[in-house]
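Asker: Sharing a structure with you now.
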Amino acid sequence: MDDNKDSIKLLIASALLLVFLILYIKFSDTAILNKEMLKNLKYTTGTISTDRFYSKSTGDGYDYEFYTQKGIKETHADGNFIKGRKYLVVYDSVNIKNGFMILEGYDITDSLKNKNINEREGWSIDKIPFGFDKKSLNEEVTRSIIKITK
């Protein structure tokens, strides 16, 4: 009889854990890069908001925030960044859960100041208002996403 009660308790606990996991994945704002994001790439400005730090929940790296059509997204990334500087971020403009990433080699802080650019708009690859080689940028982003999602 006790084994039967223990089995029922274990079954209920497992079911509850599964429900919470499904709800977390469905409603969380986290994103794991996937190839679907390549269909709807949009570029925007990301601002590094912390110095490099380590935490058990996010790992080593920096906190940053970036603009999307739905508002500001706050997240974390490893890399070589400088607090207060602004970097190009690429994300899926239709479904943020398909992925986003900050582009370490594209510090746009000075360009934003010099050109008086509205950084909240976001841009398709052909409308990025900076002097980057757009073809090379697009190829680099595509390669990175494919490599990460393998």
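Letters A, B, ... mark the chains of the structure tokens in the order given; residue numbers begin at 1 per chain; ligand numbers begin at 1, in order shown.
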Can you list, as an mmCIF file with all heavy atoms, in the first residue's frame, every protein, DNA or RNA residue that comes within 6 Å of Leu41 (chain A) when you count only C-alpha atoms, leaving out same-chain residues fewer than 2 positions away?

Answerer:
```
data_model
loop_
_atom_site.group_PDB
_atom_site.id
_atom_site.type_symbol
_atom_site.label_atom_id
_atom_site.label_comp_id
_atom_site.auth_asym_id
_atom_site.auth_seq_id
_atom_site.Cartn_x
_atom_site.Cartn_y
_atom_site.Cartn_z
ATOM 1 N N LEU A 38 16.744 33.448 -39.279
ATOM 2 C CA LEU A 38 17.355 33.954 -40.503
ATOM 3 C C LEU A 38 16.319 34.521 -41.475
ATOM 4 O O LEU A 38 16.648 35.341 -42.314
ATOM 5 C CB LEU A 38 18.163 32.846 -41.195
ATOM 6 C CG LEU A 38 19.442 32.428 -40.472
ATOM 7 C CD1 LEU A 38 20.017 31.172 -41.104
ATOM 8 C CD2 LEU A 38 20.450 33.550 -40.468
ATOM 9 N N TYR A 91 18.293 40.296 -34.290
ATOM 10 C CA TYR A 91 17.250 39.492 -33.667
ATOM 11 C C TYR A 91 16.176 39.139 -34.697
ATOM 12 O O TYR A 91 16.126 39.707 -35.785
ATOM 13 C CB TYR A 91 16.637 40.216 -32.470
ATOM 14 C CG TYR A 91 15.821 41.447 -32.808
ATOM 15 C CD1 TYR A 91 14.438 41.391 -32.868
ATOM 16 C CD2 TYR A 91 16.435 42.672 -33.057
ATOM 17 C CE1 TYR A 91 13.686 42.517 -33.168
ATOM 18 C CE2 TYR A 91 15.690 43.797 -33.351
ATOM 19 C CZ TYR A 91 14.311 43.710 -33.409
ATOM 20 O OH TYR A 91 13.579 44.827 -33.714
ATOM 21 N N ASP A 92 15.323 38.182 -34.333
ATOM 22 C CA ASP A 92 14.197 37.809 -35.176
ATOM 23 C C ASP A 92 13.078 38.805 -34.913
ATOM 24 O O ASP A 92 12.538 38.871 -33.810
ATOM 25 C CB ASP A 92 13.740 36.382 -34.850
ATOM 26 C CG ASP A 92 12.636 35.897 -35.767
ATOM 27 O OD1 ASP A 92 11.735 36.681 -36.101
ATOM 28 O OD2 ASP A 92 12.671 34.706 -36.134
#
```

Asker: Enumerate, as a list in words, the complete set of residues in region 31-85 of chain A that a backbone-based DSSP assignment places in helix (DSSP H, G or I).

Answerer: Lys35, Glu36, Met37, Leu38, Lys39 and Asn40 of chain A

Asker: Can you pull out every residue within 12 Å of Ser111 (chain A), counting only C-alpha atoms, but drop anything in the same chain fewer than 2 positions away, and send it as a PyMOL selection string?

Answerer: chain A and resi 45+85-88+106-109+113-119+128-132

Asker: If DSSP is run on the backbone, what residues of region 1-149 of chain A are strand (DSSP E or B)? A reply as a ChimeraX atom specification would be ideal.

Answerer: /A:41-48,53-55,59-68,71-77,86-92,100-107,123

Asker: With only C-alpha atoms as the counted atoms, please give the residues lying no more than 12 Å from region 93-99 of chain A, apart from itself and same-chain residues fewer than 2 positions off, as a PDB file with C-alpha atoms, in the first residue's frame.

Answerer:
```
ATOM      1  CA  ILE A  25       9.491  27.524 -22.027  1.00  0.00           C
ATOM      2  CA  LYS A  26       6.254  28.835 -23.539  1.00  0.00           C
ATOM      3  CA  PHE A  27       6.099  32.115 -21.619  1.00  0.00           C
ATOM      4  CA  SER A  28       9.704  32.915 -20.803  1.00  0.00           C
ATOM      5  CA  ASP A  29      11.480  35.661 -22.665  1.00  0.00           C
ATOM      6  CA  THR A  30      14.591  33.622 -23.244  1.00  0.00           C
ATOM      7  CA  ALA A  31      15.770  32.736 -26.699  1.00  0.00           C
ATOM      8  CA  ILE A  32      17.905  29.957 -28.018  1.00  0.00           C
ATOM      9  CA  LEU A  33      19.237  30.740 -31.467  1.00  0.00           C
ATOM     10  CA  ASN A  34      17.636  28.756 -34.225  1.00  0.00           C
ATOM     11  CA  LYS A  35      17.809  28.934 -37.991  1.00  0.00           C
ATOM     12  CA  GLU A  36      14.230  30.234 -38.213  1.00  0.00           C
ATOM     13  CA  MET A  37      15.493  33.665 -37.186  1.00  0.00           C
ATOM     14  CA  LEU A  38      17.355  33.954 -40.503  1.00  0.00           C
ATOM     15  CA  LYS A  39      14.003  34.604 -42.219  1.00  0.00           C
ATOM     16  CA  ASN A  40      13.281  37.789 -40.227  1.00  0.00           C
ATOM     17  CA  LEU A  41      16.586  39.408 -39.275  1.00  0.00           C
ATOM     18  CA  LYS A  42      16.494  42.931 -37.938  1.00  0.00           C
ATOM     19  CA  TYR A  43      19.346  44.985 -36.499  1.00  0.00           C
ATOM     20  CA  THR A  44      19.182  47.358 -33.576  1.00  0.00           C
ATOM     21  CA  PHE A  66      18.378  46.344 -26.773  1.00  0.00           C
ATOM     22  CA  TYR A  67      15.327  47.766 -28.502  1.00  0.00           C
ATOM     23  CA  THR A  68      12.685  45.702 -30.289  1.00  0.00           C
ATOM     24  CA  GLN A  69       9.288  46.675 -31.686  1.00  0.00           C
ATOM     25  CA  LYS A  70       7.764  45.513 -28.396  1.00  0.00           C
ATOM     26  CA  GLY A  71      10.084  47.460 -26.102  1.00  0.00           C
ATOM     27  CA  ILE A  72      13.400  46.957 -24.365  1.00  0.00           C
ATOM     28  CA  LYS A  73      14.822  43.444 -23.923  1.00  0.00           C
ATOM     29  CA  THR A  75      19.697  39.898 -21.449  1.00  0.00           C
ATOM     30  CA  VAL A  89      22.352  43.448 -32.125  1.00  0.00           C
ATOM     31  CA  VAL A  90      20.555  41.133 -34.541  1.00  0.00           C
ATOM     32  CA  TYR A  91      17.250  39.492 -33.667  1.00  0.00           C
ATOM     33  CA  MET A 101      22.700  38.045 -30.400  1.00  0.00           C
ATOM     34  CA  ILE A 102      24.925  41.014 -29.790  1.00  0.00           C
ATOM     35  CA  GLU A 121      13.938  52.200 -34.895  1.00  0.00           C
ATOM     36  CA  GLY A 122      15.921  49.118 -35.844  1.00  0.00           C
ATOM     37  CA  TRP A 123      16.920  48.364 -39.416  1.00  0.00           C
ATOM     38  CA  SER A 124      16.834  45.686 -42.043  1.00  0.00           C
ATOM     39  CA  ILE A 145      23.785  31.477 -36.526  1.00  0.00           C
ATOM     40  CA  ILE A 146      24.257  28.328 -38.590  1.00  0.00           C
ATOM     41  CA  ILE A 148      25.766  27.979 -33.253  1.00  0.00           C
ATOM     42  CA  THR A 149      22.610  26.069 -34.184  1.00  0.00           C
TER      43      THR A 149
END
```
